Amino acid sequence: MKPADLQSPDPASLDDNEPSLELAGLLHVLLRRSWVIALVAVACGLAAGAYVQRIPEEFQSKTVIQIESQATRPIKVEDGSTEDLRDPLVMETVIENFRNRSLMERIAHELHLADDPAFLGRSDPLPASEAEVVALLSSSVTVTARPKTLLVDIGFTHSNPKVAQRLAASIVDQFLLQNTAQQVGQVEAQNSLLLQKEAELKAKLERSELAVQDYKNRMESVSMDAGRNLVEAKLQGLNTSLTGARSTRIRIESDLSMLQTVPGRDPIQLLDIASVAADPQVAAALGRVKTLEADILALSDQYRGKHPRMIEAHNRLEEAKVEEAKAVRSAPDRLAAQYTEAQVTEQTLEKAVAVQEKELLKLDEKTLPYRRLQEELAADRALYDAVQKRLKETTVVMDIKPVNFRVVEPAVPAVRLPNRRLIIAIGAVLAGALFAVGVLAAIFFLDSSIKTVDDAERWLGLPVLSAIPTLRHVQSTAQTLALLNQPDSPMAESFRSLRTALSLLGPVECRKVILFTSAVPSEGKTLNAVNAAIAFAQQGLRTLLLDADLRQPALSLLLLKNNRKLPGVAEYMVGAQVELHATEIANLSILPAGAHAPNPAELLSGERFAELVDTLKLQFDRIIIDTAPVNVVSDTLNIVGAAQTVVLVVRNGNTPRKVVRRALELLARAHVRPDGIALNFMPEWRGIASHYYYSSDEKYGGAETYGKNYHAAGRSKPKAVVPTDVAAAKPLAPSAG
């Protein structure tokens with residue numbers, strides 16, 4: 001158990017939403033499940049093989065056309081503009097037009113394909129529907145533009161080579177006929193529309209001309225225009241003068257308001273006002289004072305202060321300052337006169353501006369109708385001219401059939417297409433493999449369990465003391481005692497590493513009592529506790545295994561010669577005398593859980609268990625305690641305080657991180673932080689980072705003990721390792737308390 005001031009890790013502080021890019025772990029999963037990927041890929045390949053056997057041989061005939069670089073568009077003949085068919089969008093439009101439904105229907109009708117058994121590829125005398133024929137034609141046509149050219153390849157694929165050649169030629173012929181008919185019809189329709197529009201615009205233009213001439217005769221609009229220009233120029237000059245007068249009046253008004261705040265017309269404060277300082281008399285007085293001060297400064301280099309010339313200069317300076325003060329004090333009166341004059345000027349200009357504005361409004365009332373008539377006439381004339389120009393051009397080209405395409409290479413005899421069967425089969429195999437990889441990757445990333453040492457340390461914030469594999473080909477639970485059955489196995493070595501890690505946690509006297517627990521059943525905590533105890537015993541340390549899992553005890557079944565409920569912890573908790581049992585393993589004894597207890601949580605609460613541990617610490621070098629899962633029952637939380645070292649056993653790839661964090665929260669409430677993690681049941685792998693992966697599987701408990709959610713249905717109970725000789729039991733009696 002940790003000191004009281006040691007804070008337990010806060011599981012809530014660990015961000016469960018942090019992206020986990022476990023690429024190395026995913027690689028291991030894919031390599032370990034490579035047989036699944038191979039199986040899915042083979043299944044897809046077999047399915048594709050069965051499919052491609054029914055694909056008939058196909059033949060393709062091609063013809064090549066060239067798109068003219070410039071195509072005349074009668075729609076825009078008024079400016080002689082043309083449409084550049086080299087534009088990618090135009091090229092794409094042309095290509096799509098080869099696949100449109102109207103062209104397919106035209107071909108089907110002209111060639112009577114609905115009644116052609118060679119085209120339909122069947123002997124049925126009944127004709128096919130129009131939809132079937134169009135669908136078959138559309139799926140068989142291929143149109144491809146050659147890069148950096150105006151050439152387009154049109155191909156038709158069919159199981160009959162003659163049909164393929166005939167339809168490849170027909171597609172181009174019908175397309176050219178359809179395109180020509182569309183353009184000729186477009187020109188004719190436009191010409192008819194232009195003739196009608198020309199008559200309407202001509203009548204409207206004549207009416208507009210008459211209206212303008214009539215208004216001009218009545219109102220003499222030309223002289224009004226000249227007069228309006230003069231009024232506008234005069235109004236603009238008056239507005240400029242008014243703006244200047246208003247600015248002057250506002251400035252003087254502001255300075256007058258500041259003068260009212262100066263007590264007794266103090267010259268110093270008056271000079272801070274801009275209008276006062278700019279007054280001509282004040283400016284002259286200030287200039288004289290500055291001149292006299294400069295003269296005194298020049299005389300001071302030649303004469304002393306009492307020299308007649310110096311005295312005379314100072315007298316003149318004093319007189320100048322007196323004059324300056326008088327000029328400053330009289331400046332407000334002059335400023336008031338300027339304000340009155342500015343007001344009169346502003347009012348006069350405002351009246352003049354108003355007169356000119358009225359005059360301009362009168363002129364506008366007369367000229368606005370005339371301007372509207374002129375604008376309408378100009379618009380009508382422009383429209384009429386444009387229609388006239390377009391009508392002349394469409395009349396010229398109406399009898400000329402536009403040619404935007406020409407055949408460069410007629411339809412050639414159909415050639416056999418390359419066999420696609422192998423490509424389809426290989427594609428199916430690759431698709432199946434990719435699908436299997438995707439499913440395995442999705443399962444891997446959706447799995448929130450702890451799968452590696454890095455996972456455990458990052459998500460739980462605790463060091464991993466050892467990564468525990470399992471023995472291969474295990475036939476019974478007893479065979480999981482690797483240190484006895486397979487001492488040279490990786491599993492046995494991992495428990496020796498666990499023993500070393502526990503020994504390095506601190507001084508021996510502070511690490512004698514080691515408690516193993518887990519979040520939920522089937523984590524392998526009993527397996528770790530027993531093998532850790534065997535490891536300490538093989539090191540020559542007097543070791544005791546204490547079974548504190550009163551609900552599902554398993555230590556007696558593993559290490560003693562019978563599987564009956566021997567008296568143990570449960571009896572000691574109620575005050576009975578119990579015995580410590582020696583095992584066939586040197587230096588290893590066991591204190592069983594005892595008889596079935598109806599109330600284990602209440603039995604383990606209180607100080608009696610701590611008293612038991614303190615008593616046993618005097619007799620043994622190491623005490624290993626096996627307990628119940630923390631999240632399932634509260635038994636462990638009642639006794640965890642008696643331990644000096646707590647190991648949380650976590651099963652690889654089994655328990656979600658949130659479940660383990662819940663266990664850490666419960667232990668934190670009991671003021672205990674686990675010293676580390678034993679990462680159990682690691683899958684075996686000899687590839688990259690192989691020390692993170694081992695193999696095997698195991699279950700814990702039953703529905704009658706911890707609930708059906710953690711019950712491993714169909715699992716048989718482990719068989720006991722029966723020793724040949726057992727030492728005499730050692731009595732252990734509780735204290736009088």
# chains A, B, ... in the order shown; residues from 1 in each chain; ligands from 1
>>> residues_around(residues="Arg657 (chain A)", least_positions_apart="5", cutoff="7 Å", atoms="only C-alpha atoms", output="ChimeraX atom specification")
/A:448-450
>>> write_last_selection(atoms="N, CA, C and O atoms", output="mmCIF file, in the first residue's frame")
data_model
loop_
_atom_site.group_PDB
_atom_site.id
_atom_site.type_symbol
_atom_site.label_atom_id
_atom_site.label_comp_id
_atom_site.auth_asym_id
_atom_site.auth_seq_id
_atom_site.Cartn_x
_atom_site.Cartn_y
_atom_site.Cartn_z
ATOM 1 N N SER A 448 -11.418 -1.537 -27.841
ATOM 2 C CA SER A 448 -10.873 -0.622 -26.830
ATOM 3 C C SER A 448 -10.094 -1.346 -25.744
ATOM 4 O O SER A 448 -9.768 -0.740 -24.719
ATOM 5 N N SER A 449 -9.835 -2.635 -25.936
ATOM 6 C CA SER A 449 -9.074 -3.356 -24.917
ATOM 7 C C SER A 449 -7.591 -3.008 -25.008
ATOM 8 O O SER A 449 -7.127 -2.402 -25.971
ATOM 9 N N ILE A 450 -6.856 -3.413 -23.997
ATOM 10 C CA ILE A 450 -5.404 -3.175 -23.944
ATOM 11 C C ILE A 450 -4.709 -4.344 -24.609
ATOM 12 O O ILE A 450 -4.908 -5.496 -24.227
#
>>> select_by_dssp(residues="region 443-574 of chain A", states="strand (DSSP E or B)", output="list in words")
Ser449, Val464, Leu465, Ser466, Ala467, Val513, Ile514, Leu515, Phe516, Thr517, Ser518, Thr543, Leu544, Leu545, Leu546 and Asp547 of chain A
>>> residues_around(residues="region 487-495 of chain A", least_positions_apart="6", cutoff="9 Å", atoms="only C-alpha atoms", output="ChimeraX atom specification")
/A:466-471,480-481,528,531-532,535,694
>>> residues_around(residues="Gln213 (chain A)", least_positions_apart="4", cutoff="10 Å", atoms="only C-alpha atoms", output="mmCIF file with C-alpha atoms, in the first residue's frame")
data_model
loop_
_atom_site.group_PDB
_atom_site.id
_atom_site.type_symbol
_atom_site.label_atom_id
_atom_site.label_comp_id
_atom_site.auth_asym_id
_atom_site.auth_seq_id
_atom_site.Cartn_x
_atom_site.Cartn_y
_atom_site.Cartn_z
ATOM 1 C CA SER A 208 -39.109 56.930 -81.253
ATOM 2 C CA GLU A 209 -37.629 59.198 -83.944
ATOM 3 C CA ASN A 217 -39.470 71.426 -81.994
ATOM 4 C CA ARG A 218 -41.712 72.336 -79.060
ATOM 5 C CA TYR A 370 -36.143 64.947 -73.807
ATOM 6 C CA LEU A 373 -36.708 60.097 -75.470
ATOM 7 C CA GLN A 374 -33.123 60.286 -76.734
#
>>> residues_around(residues="region 505-521 of chain A", least_positions_apart="5", cutoff="9 Å", atoms="only C-alpha atoms", output="VMD selection string")
chain A and resid 500 526 528 to 529 613 617 620 to 632 636 640 642 to 651 655 659 to 664 675 699 to 702 706 710 to 711
>>> residues_around(residues="region 88-103 of chain A", least_positions_apart="5", cutoff="10 Å", atoms="only C-alpha atoms", output="ChimeraX atom specification")
/A:67,83,108-109,131,134-135,137-145,150-154,171-172,174-175,178-179
>>> write_last_selection(atoms="N, CA, C and O atoms", output="CSV table (one decimal), in the first residue's frame")
chain,number,residue,atom,x,y,z
A,67,ILE,N,-12.6,16.5,-85.1
A,67,ILE,CA,-13.5,17.7,-84.8
A,67,ILE,C,-12.8,18.9,-85.4
A,67,ILE,O,-11.6,19.1,-85.1
A,83,GLU,N,-16.9,29.2,-81.8
A,83,GLU,CA,-16.7,28.4,-80.6
A,83,GLU,C,-15.5,27.4,-80.8
A,83,GLU,O,-15.5,26.7,-81.8
A,108,ALA,N,-31.3,2.5,-83.5
A,108,ALA,CA,-32.1,1.3,-83.4
A,108,ALA,C,-33.3,1.4,-84.4
A,108,ALA,O,-33.6,0.3,-85.0
A,109,HIS,N,-33.8,2.5,-84.7
A,109,HIS,CA,-34.9,2.6,-85.6
A,109,HIS,C,-34.4,2.5,-87.1
A,109,HIS,O,-35.1,1.8,-87.9
A,131,ALA,N,-36.3,-0.1,-74.9
A,131,ALA,CA,-35.4,0.1,-73.8
A,131,ALA,C,-34.3,-0.9,-73.7
A,131,ALA,O,-33.1,-0.5,-73.4
A,134,VAL,N,-31.8,0.1,-76.6
A,134,VAL,CA,-31.0,1.3,-76.2
A,134,VAL,C,-30.0,1.0,-75.1
A,134,VAL,O,-28.8,1.5,-75.2
A,135,ALA,N,-30.4,0.2,-74.1
A,135,ALA,CA,-29.4,-0.1,-73.1
A,135,ALA,C,-28.3,-0.9,-73.6
A,135,ALA,O,-27.1,-0.7,-73.2
A,137,LEU,N,-27.1,-0.9,-76.7
A,137,LEU,CA,-26.3,0.0,-77.5
A,137,LEU,C,-25.4,0.9,-76.7
A,137,LEU,O,-24.2,1.0,-76.9
A,138,SER,N,-26.0,1.5,-75.6
A,138,SER,CA,-25.3,2.4,-74.8
A,138,SER,C,-24.1,1.7,-74.0
A,138,SER,O,-23.0,2.3,-73.9
A,139,SER,N,-24.3,0.5,-73.6
A,139,SER,CA,-23.3,-0.2,-72.9
A,139,SER,C,-22.2,-0.7,-73.8
A,139,SER,O,-21.1,-1.1,-73.3
A,140,SER,N,-22.4,-0.8,-75.1
A,140,SER,CA,-21.4,-1.3,-76.0
A,140,SER,C,-20.6,-0.2,-76.7
A,140,SER,O,-19.6,-0.6,-77.4
A,141,VAL,N,-21.0,1.0,-76.6
A,141,VAL,CA,-20.3,2.1,-77.3
A,141,VAL,C,-19.2,2.6,-76.4
A,141,VAL,O,-19.4,2.9,-75.2
A,142,THR,N,-18.0,2.9,-77.0
A,142,THR,CA,-16.9,3.5,-76.3
A,142,THR,C,-16.4,4.7,-77.1
A,142,THR,O,-16.2,4.6,-78.3
A,143,VAL,N,-16.3,5.8,-76.4
A,143,VAL,CA,-15.9,7.1,-77.1
A,143,VAL,C,-14.7,7.6,-76.3
A,143,VAL,O,-14.8,7.9,-75.1
A,144,THR,N,-13.6,7.8,-77.0
A,144,THR,CA,-12.4,8.3,-76.3
A,144,THR,C,-11.7,9.4,-77.2
A,144,THR,O,-11.5,9.2,-78.4
A,145,ALA,N,-11.4,10.5,-76.5
A,145,ALA,CA,-10.6,11.6,-77.2
A,145,ALA,C,-9.1,11.3,-77.1
A,145,ALA,O,-8.6,11.0,-76.0
A,150,LEU,N,-7.5,16.6,-82.0
A,150,LEU,CA,-8.9,16.8,-82.2
A,150,LEU,C,-9.6,15.5,-82.7
A,150,LEU,O,-10.6,15.6,-83.3
A,151,LEU,N,-8.9,14.4,-82.5
A,151,LEU,CA,-9.3,13.1,-83.0
A,151,LEU,C,-10.1,12.4,-81.9
A,151,LEU,O,-9.7,12.4,-80.7
A,152,VAL,N,-11.2,11.7,-82.3
A,152,VAL,CA,-12.0,11.0,-81.3
A,152,VAL,C,-12.2,9.6,-81.9
A,152,VAL,O,-12.6,9.4,-83.1
A,153,ASP,N,-11.9,8.6,-81.0
A,153,ASP,CA,-12.1,7.2,-81.4
A,153,ASP,C,-13.5,6.7,-80.9
A,153,ASP,O,-13.8,6.8,-79.8
A,154,ILE,N,-14.3,6.2,-81.9
A,154,ILE,CA,-15.6,5.6,-81.6
A,154,ILE,C,-15.5,4.1,-81.8
A,154,ILE,O,-15.3,3.7,-83.0
A,171,ILE,N,-23.0,4.3,-86.1
A,171,ILE,CA,-23.0,5.3,-85.0
A,171,ILE,C,-22.5,6.7,-85.5
A,171,ILE,O,-23.0,7.7,-85.3
A,172,VAL,N,-21.3,6.6,-86.3
A,172,VAL,CA,-20.7,7.9,-86.8
A,172,VAL,C,-21.7,8.5,-87.8
A,172,VAL,O,-21.9,9.7,-87.8
A,174,GLN,N,-25.0,8.2,-88.3
A,174,GLN,CA,-26.2,8.8,-87.7
A,174,GLN,C,-25.8,10.0,-86.8
A,174,GLN,O,-26.6,11.0,-86.7
A,175,PHE,N,-24.7,10.0,-86.2
A,175,PHE,CA,-24.3,11.2,-85.4
A,175,PHE,C,-24.1,12.4,-86.3
A,175,PHE,O,-24.6,13.5,-86.0
A,178,GLN,N,-27.5,13.6,-87.5
A,178,GLN,CA,-28.2,14.2,-86.5
A,178,GLN,C,-27.7,15.6,-86.2
A,178,GLN,O,-28.4,16.6,-86.0
A,179,ASN,N,-26.3,15.7,-86.1
A,179,ASN,CA,-25.7,17.0,-85.8
A,179,ASN,C,-26.0,18.0,-86.9
A,179,ASN,O,-26.3,19.2,-86.6
>>> closest_residue(among="A:Ser241, A:Gln538, A:Ser300, A:Gln269", to="Arg496 (chain A)", atoms="only C-alpha atoms")
A:Gln538
>>> atom_distance(atom1="CA of Leu205 (chain A)", atom2="CA of Glu376 (chain A)")
8.9 Å
>>> closest_residue(among="A:Glu602, A:Glu312, A:Glu57, A:Glu375", to="Val574 (chain A)", atoms="only C-alpha atoms")
A:Glu602
>>> closest_residue(among="A:Val353, A:Ala274, A:Met104, A:Leu545", to="Leu335 (chain A)", atoms="only C-alpha atoms")
A:Ala274
>>> closest_residue(among="A:Ser247, A:Gln260, A:Thr180, A:Ser61", to="Phe156 (chain A)", atoms="only C-alpha atoms")
A:Ser61
>>> atom_distance(atom1="CA of Thr583 (chain A)", atom2="CA of Leu483 (chain A)")
14.6 Å
